[in-house]
$ cat coords05.txt   # compact mmCIF, C-alpha atoms
# COMPACT_ATOMS: atom_id res chain seq x y z
CA MET B 182 26.97 -37.89 -13.73
CA THR B 183 24.73 -36.28 -16.36
CA ASP B 184 21.22 -34.95 -15.91
CA THR B 185 19.96 -37.95 -17.86
CA ASP B 186 21.65 -40.33 -15.45
CA THR B 187 20.07 -38.46 -12.61
CA GLU B 188 16.59 -38.76 -14.08
CA LEU B 189 17.05 -42.50 -14.20
CA ARG B 190 17.74 -42.60 -10.47
CA VAL B 191 14.06 -42.16 -9.82
CA SER B 192 11.59 -44.44 -11.54
CA LYS B 193 10.03 -43.56 -14.88
CA ILE B 194 6.38 -42.61 -14.79
CA GLU B 195 3.66 -43.72 -17.18
CA ASN B 196 1.46 -40.62 -17.12
CA GLY B 197 2.00 -37.38 -15.26
CA THR B 198 4.54 -34.62 -14.81
CA VAL B 199 8.27 -34.49 -14.27
CA ILE B 200 9.47 -31.23 -12.79
CA ASP B 201 13.17 -31.01 -13.41
CA HIS B 202 15.87 -28.44 -12.69
CA ILE B 203 14.38 -27.32 -9.41
CA ALA B 204 16.96 -25.47 -7.33
CA GLY B 205 18.56 -27.83 -4.83
CA GLY B 206 16.56 -28.07 -1.62
CA GLN B 207 13.27 -26.71 -3.03
CA ALA B 208 11.56 -30.03 -3.81
CA LEU B 209 9.53 -30.07 -0.62
CA ASN B 210 8.29 -26.56 -1.35
CA VAL B 211 7.30 -27.72 -4.81
CA LEU B 212 5.33 -30.53 -3.24
CA ALA B 213 3.70 -27.99 -0.92
CA ILE B 214 2.65 -25.89 -3.90
CA LEU B 215 1.11 -28.96 -5.47
CA GLY B 216 -0.65 -29.78 -2.22
CA ILE B 217 1.08 -33.14 -2.02
CA ASP B 218 1.74 -34.39 1.48
CA GLY B 219 1.46 -38.13 0.87
CA ALA B 220 -1.83 -38.40 2.71
CA SER B 221 -3.91 -38.79 -0.46
CA GLY B 222 -1.92 -41.72 -1.82
CA GLU B 223 -0.28 -39.87 -4.70
CA GLU B 224 2.58 -41.72 -6.36
CA VAL B 225 5.53 -39.33 -6.22
CA SER B 226 9.26 -39.71 -6.74
CA VAL B 227 11.65 -37.10 -5.44
CA GLY B 228 15.36 -36.62 -6.03
CA MET B 229 17.08 -34.00 -3.90
CA ASN B 230 20.46 -32.32 -4.31
CA VAL B 231 21.44 -34.54 -7.19
CA PRO B 232 24.27 -33.43 -9.52
CA SER B 233 23.26 -31.22 -12.43
CA ASP B 234 25.26 -29.92 -15.40
CA ARG B 235 23.25 -26.69 -15.39
CA LEU B 236 22.61 -26.00 -11.72
CA GLY B 237 25.37 -27.85 -9.91
CA ARG B 238 22.80 -29.41 -7.60
CA LYS B 239 19.16 -29.77 -8.39
CA ASP B 240 15.95 -31.39 -7.22
CA ILE B 241 13.59 -33.38 -9.39
CA VAL B 242 9.97 -34.32 -8.73
CA LYS B 243 7.93 -36.89 -10.66
CA VAL B 244 4.19 -37.00 -10.07
CA GLU B 245 2.23 -39.92 -11.46
CA GLY B 246 -1.23 -39.33 -12.87
CA ARG B 247 -1.29 -35.57 -12.68
CA GLU B 248 -0.63 -32.73 -15.15
CA LEU B 249 -0.02 -29.35 -13.59
CA SER B 250 -2.37 -26.42 -13.98
CA GLN B 251 -1.07 -23.10 -15.26
CA ASN B 252 -1.68 -21.62 -11.81
CA GLU B 253 0.57 -24.24 -10.25
CA VAL B 254 3.25 -23.68 -12.87
CA ASP B 255 3.07 -19.92 -12.27
CA VAL B 256 3.82 -20.32 -8.61
CA LEU B 257 6.50 -22.91 -9.27
CA SER B 258 8.24 -20.31 -11.38
CA LEU B 259 8.65 -18.08 -8.33
CA ILE B 260 10.64 -20.59 -6.30
CA ALA B 261 12.11 -22.61 -9.17
CA PRO B 262 12.69 -20.18 -12.03
CA ALA B 263 14.95 -22.62 -13.91
CA ALA B 264 12.51 -25.54 -13.69
CA THR B 265 11.41 -27.50 -16.71
CA ILE B 266 8.01 -29.14 -16.89
CA ASN B 267 7.77 -32.44 -18.76
CA ILE B 268 4.36 -33.87 -19.43
CA VAL B 269 4.52 -37.65 -19.79
CA ARG B 270 1.93 -39.84 -21.49
CA ASP B 271 2.47 -43.58 -22.03
CA PHE B 272 6.06 -43.22 -20.80
CA ASP B 273 6.87 -40.63 -23.49
CA VAL B 274 7.55 -36.93 -22.90
CA VAL B 275 4.88 -35.27 -25.03
CA GLU B 276 5.47 -31.70 -23.87
CA LYS B 277 8.55 -30.06 -22.43
CA HIS B 278 8.80 -26.43 -21.48
CA ARG B 279 10.51 -24.10 -19.08
CA VAL B 280 8.46 -22.21 -16.55
CA SER B 281 8.08 -18.49 -17.16
CA ARG B 282 7.34 -15.89 -14.58
CA PRO B 283 3.76 -14.60 -14.75
CA THR B 284 2.88 -10.96 -14.13
CA GLU B 285 0.52 -11.90 -11.30
CA VAL B 286 -0.32 -14.91 -9.11
CA SER B 287 -3.68 -15.43 -7.42
CA GLY B 288 -4.79 -17.60 -4.56
CA VAL B 289 -1.48 -19.30 -3.93
CA LEU B 290 0.43 -17.04 -1.53
CA SER B 291 -0.83 -15.50 1.66
CA CYS B 292 0.09 -11.95 2.56
CA PRO B 293 2.44 -11.78 5.57
CA ASN B 294 0.89 -8.47 6.65
CA ALA B 295 -1.59 -9.55 9.32
CA ASN B 296 -3.41 -6.24 8.84
CA CYS B 297 -3.95 -6.76 5.11
CA ILE B 298 -7.61 -6.98 4.17
CA SER B 299 -6.89 -10.07 2.04
CA THR B 300 -6.02 -12.05 5.18
CA GLY B 301 -9.45 -11.49 6.73
CA ASP B 302 -12.80 -13.13 6.09
CA GLU B 303 -13.44 -11.41 2.77
CA PRO B 304 -14.61 -13.18 -0.39
CA VAL B 305 -11.37 -12.61 -2.32
CA GLU B 306 -8.31 -14.63 -3.22
CA SER B 307 -4.91 -13.26 -2.38
CA ARG B 308 -3.31 -11.58 -5.39
CA PHE B 309 0.34 -10.70 -5.92
CA GLU B 310 2.08 -8.76 -8.64
CA VAL B 311 5.32 -10.48 -9.65
CA LEU B 312 8.36 -8.19 -9.46
CA ASP B 313 11.85 -8.85 -10.79
CA ASP B 314 13.02 -9.86 -7.33
CA GLY B 315 9.89 -10.82 -5.41
CA VAL B 316 6.15 -10.37 -5.28
CA ARG B 317 3.90 -7.58 -4.11
CA CYS B 318 0.44 -7.84 -2.55
CA ALA B 319 -2.15 -6.25 -4.83
CA TYR B 320 -4.15 -5.11 -1.79
CA CYS B 321 -1.69 -3.74 0.78
CA ASP B 322 1.48 -3.38 -1.37
CA THR B 323 3.60 -5.53 0.97
CA ILE B 324 6.66 -6.83 -0.86
CA ILE B 325 7.97 -10.34 -0.21
CA ARG B 326 11.49 -11.04 -1.40
CA GLU B 327 12.83 -13.68 0.96
CA SER B 328 11.41 -17.09 1.90
CA LEU B 329 8.65 -16.97 -0.65
CA ALA B 330 7.88 -20.61 -0.08
CA ALA B 331 6.93 -19.85 3.52
CA HIS B 332 3.95 -17.86 2.25
CA ILE B 333 2.52 -20.50 -0.03
CA SER B 334 -1.10 -21.16 0.83
CA VAL B 335 -2.21 -23.27 -2.14
CA ALA B 336 -4.01 -26.45 -1.12
CA MET H 151 -8.89 13.77 -13.30
CA ARG H 152 -11.18 10.95 -14.33
CA HIS H 153 -10.86 7.92 -12.10
CA ASP H 154 -13.68 5.61 -11.11
CA HIS H 155 -12.16 5.24 -7.67
CA LEU H 156 -9.47 7.08 -5.72
CA ILE H 157 -7.56 4.39 -3.86
CA SER H 158 -3.93 5.47 -3.82
CA ALA H 159 -1.87 8.58 -4.46
CA LYS H 160 0.05 6.44 -6.95
CA GLN H 161 -2.90 6.87 -9.31
CA LEU H 162 -2.39 10.63 -9.45
CA SER H 163 -0.35 12.27 -12.18
CA ARG H 164 0.91 15.82 -11.90
CA GLY H 165 -1.87 16.85 -14.26
CA ASP H 166 -4.50 15.16 -12.10
CA ILE H 167 -3.17 16.87 -8.98
CA GLU H 168 -2.94 20.31 -10.52
CA ALA H 169 -6.44 20.04 -11.96
CA VAL H 170 -7.90 19.33 -8.51
CA LEU H 171 -5.81 22.03 -6.84
CA ASP H 172 -6.73 24.63 -9.48
CA ARG H 173 -10.40 23.78 -9.08
CA ALA H 174 -10.04 23.90 -5.28
CA ALA H 175 -8.50 27.38 -5.55
CA GLU H 176 -11.43 28.56 -7.70
CA ILE H 177 -13.88 27.14 -5.19
CA ALA H 178 -12.04 28.71 -2.25
CA ASP H 179 -12.26 32.08 -4.00
CA ASP H 180 -15.97 31.79 -4.72
CA PRO H 181 -17.70 28.93 -2.86
CA GLY H 182 -21.13 30.30 -3.72
CA ALA H 183 -20.59 29.54 -7.41
CA VAL H 184 -20.81 25.80 -6.73
CA ALA H 185 -23.52 25.90 -4.08
CA ASP H 186 -25.87 23.77 -6.23
CA ALA H 187 -23.27 21.88 -8.26
CA ARG H 188 -24.16 18.46 -6.82
CA ASP H 189 -27.76 19.10 -5.86
CA GLY H 190 -29.49 15.80 -5.07
CA ALA H 191 -26.31 13.72 -4.92
CA LEU H 192 -25.71 11.54 -1.89
CA LEU H 193 -22.34 10.62 -0.40
CA GLY H 194 -21.93 7.64 1.93
CA LEU H 195 -19.60 8.20 4.88
CA CYS H 196 -18.30 4.78 5.87
CA PHE H 197 -15.86 5.18 8.72
CA PHE H 198 -14.79 1.97 10.38
CA GLU H 199 -12.21 3.94 12.38
CA PRO H 200 -12.50 7.20 14.31
CA SER H 201 -12.13 10.41 12.32
CA THR H 202 -12.80 14.07 12.93
CA ARG H 203 -11.21 16.15 10.19
CA THR H 204 -11.59 13.79 7.25
CA LYS H 205 -15.18 12.86 8.02
CA MET H 206 -16.37 16.36 8.86
CA SER H 207 -14.60 17.94 5.90
CA PHE H 208 -16.14 15.44 3.46
CA ASP H 209 -19.53 16.06 5.09
CA THR H 210 -19.05 19.82 4.81
CA ALA H 211 -17.72 19.60 1.25
CA MET H 212 -20.67 17.56 0.00
CA LYS H 213 -23.21 19.84 1.67
CA ARG H 214 -21.51 22.97 0.33
CA LEU H 215 -21.90 21.48 -3.15
CA GLY H 216 -25.64 21.18 -2.57
CA GLY H 217 -25.56 17.43 -2.00
CA ASP H 218 -26.10 15.44 1.16
CA THR H 219 -24.47 12.65 3.13
CA ILE H 220 -25.52 9.54 4.98
CA ASP H 221 -23.34 8.21 7.72
CA MET H 222 -22.85 4.54 8.48
CA GLY H 223 -22.33 5.50 12.12
CA SER H 224 -19.97 3.74 14.45
CA VAL H 225 -18.88 0.18 13.84
CA ASP H 226 -20.43 -0.82 17.16
CA SER H 227 -23.88 0.19 15.95
CA SER H 228 -23.59 -1.32 12.45
CA SER H 229 -23.90 -4.78 10.91
CA VAL H 230 -20.10 -5.01 10.96
CA LYS H 231 -20.54 -5.86 14.63
CA LYS H 232 -22.51 -8.92 13.49
CA GLY H 233 -19.58 -10.12 11.40
CA GLU H 234 -20.55 -8.75 8.00
CA SER H 235 -17.68 -8.63 5.51
CA LEU H 236 -16.50 -5.34 4.06
CA ALA H 237 -17.41 -6.61 0.60
CA ASP H 238 -21.03 -7.12 1.68
CA THR H 239 -21.25 -3.82 3.55
CA ALA H 240 -19.93 -2.00 0.47
CA ARG H 241 -22.40 -3.77 -1.83
CA VAL H 242 -25.32 -2.85 0.41
CA ILE H 243 -24.38 0.82 0.78
CA GLU H 244 -23.70 1.04 -2.96
CA GLY H 245 -27.45 0.84 -3.46
CA TYR H 246 -28.04 3.93 -1.35
CA VAL H 247 -25.44 6.43 -2.52
CA ASP H 248 -23.71 8.00 -5.50
CA ALA H 249 -20.22 7.66 -4.01
CA MET H 250 -18.65 6.26 -0.88
CA VAL H 251 -15.90 7.59 1.36
CA LEU H 252 -14.27 4.69 3.16
CA ARG H 253 -11.97 4.62 6.16
CA HIS H 254 -10.99 1.21 7.46
CA PRO H 255 -8.30 -0.15 9.77
CA SER H 256 -7.02 -2.73 7.27
CA GLU H 257 -4.53 -2.01 4.51
CA GLY H 258 -6.01 -2.66 1.07
CA SER H 259 -9.60 -2.22 2.25
CA ALA H 260 -10.49 0.52 -0.23
CA LYS H 261 -8.98 -1.52 -3.05
CA LEU H 262 -11.04 -4.52 -2.04
CA ALA H 263 -14.26 -2.52 -1.73
CA SER H 264 -13.69 -1.01 -5.17
CA GLU H 265 -13.73 -4.50 -6.68
CA PHE H 266 -17.28 -5.07 -5.49
CA VAL H 267 -19.07 -1.82 -6.33
CA ASP H 268 -19.63 0.47 -9.29
CA VAL H 269 -20.08 3.75 -7.44
CA PRO H 270 -16.81 5.65 -6.85
CA ILE H 271 -14.89 4.64 -3.72
CA ILE H 272 -12.73 7.33 -2.15
CA ASN H 273 -10.08 6.00 0.18
CA ALA H 274 -10.11 8.08 3.35
CA GLY H 275 -7.40 6.01 5.01
CA ASP H 276 -6.79 2.26 4.93
CA GLY H 277 -4.86 1.25 8.02
CA ALA H 278 -1.21 2.15 7.59
CA GLY H 279 -1.63 2.18 3.81
CA GLN H 280 -2.75 5.28 1.94
CA HIS H 281 -4.71 8.50 2.45
CA PRO H 282 -4.80 10.16 -0.96
CA THR H 283 -7.30 12.95 -0.25
CA GLN H 284 -5.18 14.12 2.68
CA THR H 285 -2.33 14.31 0.22
CA LEU H 286 -4.32 16.51 -2.13
CA LEU H 287 -4.98 19.01 0.64
CA ASP H 288 -1.35 18.73 1.77
CA LEU H 289 -0.20 19.55 -1.75
CA TYR H 290 -2.65 22.44 -1.94
CA THR H 291 -1.15 23.80 1.28
CA ILE H 292 2.40 23.31 0.01
CA ARG H 293 1.60 25.05 -3.27
CA GLU H 294 0.01 27.99 -1.45
CA ASN H 295 2.91 28.41 0.97
CA ALA H 296 6.07 27.19 -0.74
CA GLY H 297 5.24 26.52 -4.38
CA PHE H 298 6.23 23.36 -6.26
CA ASP H 299 9.53 24.44 -7.78
CA ASP H 300 12.86 23.20 -6.45
CA LEU H 301 11.28 22.10 -3.22
CA THR H 302 13.03 20.47 -0.26
CA VAL H 303 10.59 18.61 1.94
CA GLY H 304 11.29 16.95 5.30
CA ILE H 305 8.83 14.33 6.48
CA MET H 306 9.29 13.43 10.13
CA GLY H 307 7.83 10.99 12.65
CA ASP H 308 6.02 7.73 12.05
CA LEU H 309 7.00 6.89 8.51
CA LYS H 310 6.30 3.19 8.89
CA TYR H 311 2.64 3.31 9.87
CA GLY H 312 1.89 6.84 8.61
CA ARG H 313 -0.50 6.57 5.70
CA THR H 314 -0.44 10.32 5.06
CA VAL H 315 3.33 10.03 4.66
CA HIS H 316 3.09 7.17 2.20
CA SER H 317 0.61 9.01 0.01
CA LEU H 318 2.49 12.31 0.17
CA ALA H 319 5.79 10.65 -0.71
CA HIS H 320 4.25 9.00 -3.76
CA ALA H 321 2.60 12.23 -4.91
CA LEU H 322 5.76 14.31 -4.50
CA THR H 323 7.52 12.15 -7.06
CA ASN H 324 5.49 14.10 -9.64
CA PHE H 325 7.30 17.30 -8.71
CA ASP H 326 10.81 18.70 -8.57
CA ALA H 327 11.15 17.84 -4.90
CA SER H 328 13.92 16.42 -2.72
CA GLN H 329 12.46 14.29 0.03
CA HIS H 330 14.14 13.87 3.41
CA PHE H 331 12.66 11.27 5.77
CA ILE H 332 13.42 11.67 9.46
CA SER H 333 12.47 8.88 11.85
CA PRO H 334 13.73 6.38 14.38
CA GLU H 335 15.24 3.32 12.69
CA SER H 336 12.24 1.27 13.79
CA LEU H 337 9.79 3.60 12.04
CA ARG H 338 11.53 3.99 8.67
CA LEU H 339 9.51 4.00 5.47
CA PRO H 340 8.15 0.57 4.56
CA ARG H 341 9.95 -1.40 1.88
CA SER H 342 7.07 -0.97 -0.57
CA VAL H 343 7.17 2.83 -0.42
CA ARG H 344 10.96 2.91 -0.78
CA TYR H 345 10.58 0.59 -3.76
CA ASP H 346 8.10 2.95 -5.43
CA LEU H 347 10.22 6.03 -4.75
CA HIS H 348 13.25 4.29 -6.20
CA GLU H 349 11.27 3.20 -9.26
CA ALA H 350 10.04 6.78 -9.73
CA GLY H 351 13.62 8.06 -9.58
CA ALA H 352 12.83 10.30 -6.60
CA GLN H 353 15.56 12.14 -4.71
CA VAL H 354 15.30 10.57 -1.28
CA ARG H 355 17.45 10.74 1.87
CA GLU H 356 16.78 9.11 5.23
CA HIS H 357 17.89 10.55 8.59
CA THR H 358 17.45 9.85 12.27
CA GLU H 359 18.03 13.47 13.46
CA ILE H 360 16.01 16.50 12.33
CA GLU H 361 19.02 18.73 13.06
CA ASP H 362 20.89 17.07 10.17
CA VAL H 363 18.59 18.54 7.60
CA LEU H 364 16.40 21.25 9.20
CA GLU H 365 18.27 24.23 7.75
CA THR H 366 17.75 23.08 4.15
CA LEU H 367 14.00 22.52 4.33
CA ASP H 368 11.22 24.52 2.66
CA VAL H 369 8.54 22.29 4.18
CA LEU H 370 8.61 20.20 7.35
CA TYR H 371 5.76 17.70 7.51
CA VAL H 372 5.48 16.35 11.06
CA THR H 373 3.44 13.28 11.93
CA ARG H 374 2.31 11.76 15.18
CA ILE H 375 3.83 8.56 16.48
CA GLN H 376 0.60 6.60 16.34
CA ARG H 377 0.21 4.53 19.46
CA GLU H 378 -2.80 2.71 18.01
CA ARG H 379 -0.81 1.30 15.08
CA PHE H 380 1.88 -0.40 17.16
CA PRO H 381 1.40 -4.11 17.60
CA ASP H 382 3.69 -3.89 20.63
CA GLU H 383 3.28 -1.23 23.34
CA ASN H 384 6.98 -1.50 24.26
CA GLU H 385 7.96 -0.63 20.71
CA TYR H 386 5.79 2.49 21.00
CA ARG H 387 7.29 3.54 24.34
CA GLN H 388 10.81 3.34 22.95
CA VAL H 389 10.13 6.05 20.37
CA ALA H 390 7.28 8.11 21.83
CA GLY H 391 8.24 11.72 22.47
CA GLU H 392 11.59 11.37 20.71
CA TYR H 393 10.67 13.57 17.75
CA ARG H 394 9.44 16.95 18.92
CA ILE H 395 9.90 20.40 17.47
CA ASP H 396 9.55 23.72 19.27
CA ALA H 397 10.01 27.39 18.49
CA GLU H 398 13.61 27.39 19.72
CA LEU H 399 14.57 24.58 17.35
CA LEU H 400 12.89 26.35 14.44
CA GLU H 401 15.11 29.42 14.92
CA ARG H 402 17.69 27.42 12.98
CA ALA H 403 15.30 26.85 10.07
CA LYS H 404 14.75 28.94 6.96
CA GLU H 405 12.64 32.00 7.70
CA ASP H 406 9.93 30.85 5.33
CA LEU H 407 9.88 27.19 6.42
CA THR H 408 6.32 25.84 6.32
CA VAL H 409 5.52 23.44 9.18
CA MET H 410 2.66 21.06 8.43
CA HIS H 411 0.92 18.26 10.31
CA PRO H 412 -2.11 16.18 9.31
CA LEU H 413 -3.39 16.45 12.93
CA PRO H 414 -4.26 15.43 15.53
CA ARG H 415 -0.97 16.25 17.21
CA VAL H 416 -0.06 15.07 20.66
CA ASP H 417 3.31 16.41 21.73
CA GLU H 418 5.38 16.35 18.54
CA ILE H 419 4.80 20.07 17.90
CA ALA H 420 5.08 22.30 20.97
CA PRO H 421 2.30 24.89 21.40
CA ASP H 422 4.86 27.71 21.07
CA VAL H 423 5.25 26.82 17.38
CA ASP H 424 1.61 27.90 16.86
CA GLU H 425 2.61 31.52 17.35
CA THR H 426 5.40 31.41 14.76
CA THR H 427 5.01 32.21 11.08
CA HIS H 428 5.98 28.60 10.33
CA ALA H 429 2.78 27.04 11.66
CA THR H 430 0.48 26.04 8.80
CA TYR H 431 -1.34 23.01 10.19
CA PHE H 432 -4.66 24.65 10.99
CA GLU H 433 -4.77 26.31 7.58
CA GLN H 434 -3.89 22.87 6.18
CA ALA H 435 -6.89 21.31 7.95
CA HIS H 436 -9.21 24.06 6.67
CA ASN H 437 -8.00 23.44 3.11
CA GLY H 438 -9.63 20.02 3.35
CA VAL H 439 -13.01 21.49 2.47
CA PRO H 440 -12.28 23.24 -0.86
CA VAL H 441 -9.99 20.41 -1.94
CA ARG H 442 -12.60 17.75 -1.19
CA MET H 443 -15.28 19.91 -2.84
CA ALA H 444 -13.13 20.01 -5.97
CA LEU H 445 -12.56 16.28 -5.82
CA LEU H 446 -16.24 15.42 -5.34
CA ASP H 447 -17.22 17.84 -8.08
CA GLU H 448 -14.79 16.00 -10.35
CA MET H 449 -15.69 12.44 -9.40
CA LEU H 450 -19.47 12.58 -9.02
$ encode --input "coords05.txt" --output "structure tokens"
Amino acid sequence: MTDTDTELRVSKIENGTVIDHIAGGQALNVLAILGIDGASGEEVSVGMNVPSDRLGRKDIVKVEGRELSQNEVDVLSLIAPAATINIVRDFDVVEKHRVSRPTEVSGVLSCPNANCISTGDEPVESRFEVLDDGVRCAYCDTIIRESLAAHISVA
Amino acid sequence: MRHDHLISAKQLSRGDIEAVLDRAAEIADDPGAVADARDGALLGLCFFEPSTRTKMSFDTAMKRLGGDTIDMGSVDSSSVKKGESLADTARVIEGYVDAMVLRHPSEGSAKLASEFVDVPIINAGDGAGQHPTQTLLDLYTIRENAGFDDLTVGIMGDLKYGRTVHSLAHALTNFDASQHFISPESLRLPRSVRYDLHEAGAQVREHTEIEDVLETLDVLYVTRIQRERFPDENEYRQVAGEYRIDAELLERAKEDLTVMHPLPRVDEIAPDVDETTHATYFEQAHNGVPVRMALLDEML
């Protein structure tokens, strides 16, 4: 089965975003980053662990009526570095690009160090420097390498 | 050195460090020459955690430069008790002073405060994070006693929560120094510090026994196992008292080994070490004044 066949497994969308080539098993974390839990009535299609020429197994997420912000794409890049973002308008893909890792992400991860000042009641967003193999809190220097998705705090 | 704020020892280049130490040496030789250097300047002492040496030495340093200090007082008697954020406290005190010395129990606190104010913030200890001015006086003491060339330094004790250790380790990467870290497994250097040392290409070894490395050391920097930093009392009990040096142990060390400690000590250095030629920790504490005078003279 080709990637194109796989895309057809989930319905085409009229306007919105298709996030393709997500590492297998990460789709729910992608939805968490986008703040999608189904409660707000979003129209979402998800394919999980489907065959992929490039990745072996991949996840795919289609979100109707929503184009992703750069901030959302930046965080996506941390858990799905091979992802492609397809912007769809009137059933046509009008933009297609791979995610690229930013140098910093703000307001989307929470620091696991309970003693970090950014986790208290201060008027700042969390901020992390992006390393080759993880992220690092700009306030307390804590490095997160594993289970990055567990620290996502974006709403 | 020309920094708006001093938050981390990682900011300091070898040139920055040597400039402060050279100035501190000049001041130590002739303190009267700078008696009016910062006449009229006001330093805010904002200590959200207990402190004796750091607070009093900053107070002394500023007054010996002809300036003055105001003290936030204890947290219990300040607006912090009413739930005020650090960002707000910093912005209020900014209007009163020319610079602020901040000690706070949370890591990253000095960094956060520096984002809200224009007056220089000097980090005087942020939780288990950094303590860069302690490092400057530590380096001054090392230079006076052992020099900076081909140096072998052992750092022993609480390496996980020890902010003085983190700052010193970063700063030593500027010099030709081998660093040996001696601690229980549970108190090893944090991942972030090991990452920085690796990135800096530092020569680093980790040990669990001081005996493995004692004979090679030029400097032994001992730290207290800090009960107050342990989230779990049982974790503290498992390691408390395990790392202790005494005069008998030091007979195996180099004759000119310099033993340092940021103080306060509890039982990690036996009193009989005080009488040996190795003991440098009280001199180290006294060096806080000229070093902080040099730093304030530079930053204000």
$ residues_around --input "coords05.txt" --residues "region 266-271 of chain H" --least-positions-apart "5" --cutoff "9 Å" --atoms "only C-alpha atoms" --output "list in words"
His153, Asp154, His155, Leu156, Ile157, Ala237, Asp238, Ala240, Arg241, Glu244, Gly245, Val247, Asp248, Ala249, Met250, Val251, Leu252, Ala260, Lys261, Met449 and Leu450 of chain H
$ interface_residues --input "coords05.txt" --of "chain B" --to "chain H" --cutoff "8 Å" --atoms "all atoms listed in the file" --output "list in words"
Asn296, Cys297, Ile298, Ser299, Asp302, Glu303, Pro304, Ala319, Tyr320, Cys321, Asp322, Thr323 and Ile324 of chain B
$ atom_distance --input "coords05.txt" --atom1 "CA of Ala159 (chain H)" --atom2 "CA of Asn273 (chain H)"
9.8 Å
$ residues_near_point --input "coords05.txt" --point "(-10.8, 13.4, 13.9)" --cutoff "12 Å" --atoms "all atoms listed in the file" --output "MDAnalysis selection string"
chainID H and resid 197 199:208 253 274 412:415 435
$ axis_aligned_box --input "coords05.txt" --around "region 302-308 of chain H" --padding-each-side "5 Å" --output "lines of an AutoDock Vina configuration file"
center_x = 9.5
center_y = 14.1
center_z = 6.2
size_x = 17.0
size_y = 22.7
size_z = 22.9
$ atom_distance --input "coords05.txt" --atom1 "CA of Arg317 (chain B)" --atom2 "CA of Leu257 (chain B)"
16.4 Å
$ atom_distance --input "coords05.txt" --atom1 "CA of Ser317 (chain H)" --atom2 "CA of Gly297 (chain H)"
18.6 Å
$ closest_residue --input "coords05.txt" --among "B:Asn210, B:Ser258, B:Asn252, B:Thr300" --to "Asp240 (chain B)" --atoms "only C-alpha atoms"
B:Asn210
$ residues_around --input "coords05.txt" --residues "Glu248 (chain B)" --least-positions-apart "4" --cutoff "8 Å" --atoms "only C-alpha atoms" --output "list in words"
Gly197, Thr198 and Ile268 of chain B
$ residues_near_point --input "coords05.txt" --point "(0.6, 12.6, -2.3)" --cutoff "10 Å" --atoms "all atoms listed in the file" --output "JSON, numbers by chain"
{"H": [158, 159, 160, 161, 162, 163, 167, 280, 281, 282, 283, 284, 285, 286, 287, 288, 289, 314, 315, 316, 317, 318, 319, 320, 321, 322, 323, 324]}
$ residues_around --input "coords05.txt" --residues "region 168-177 of chain H" --least-positions-apart "6" --cutoff "6 Å" --atoms "only C-alpha atoms" --output "ChimeraX atom specification"
/H:290,440-441,444
$ closest_residue --input "coords05.txt" --among "B:Met229, B:Ala264, B:Leu209, B:Cys318" --to "Val289 (chain B)" --atoms "all atoms listed in the file"
B:Cys318
$ closest_residue --input "coords05.txt" --among "B:Cys292, B:Val305, B:Val242, B:Leu212" --to "Leu329 (chain B)" --atoms "all atoms listed in the file"
B:Cys292
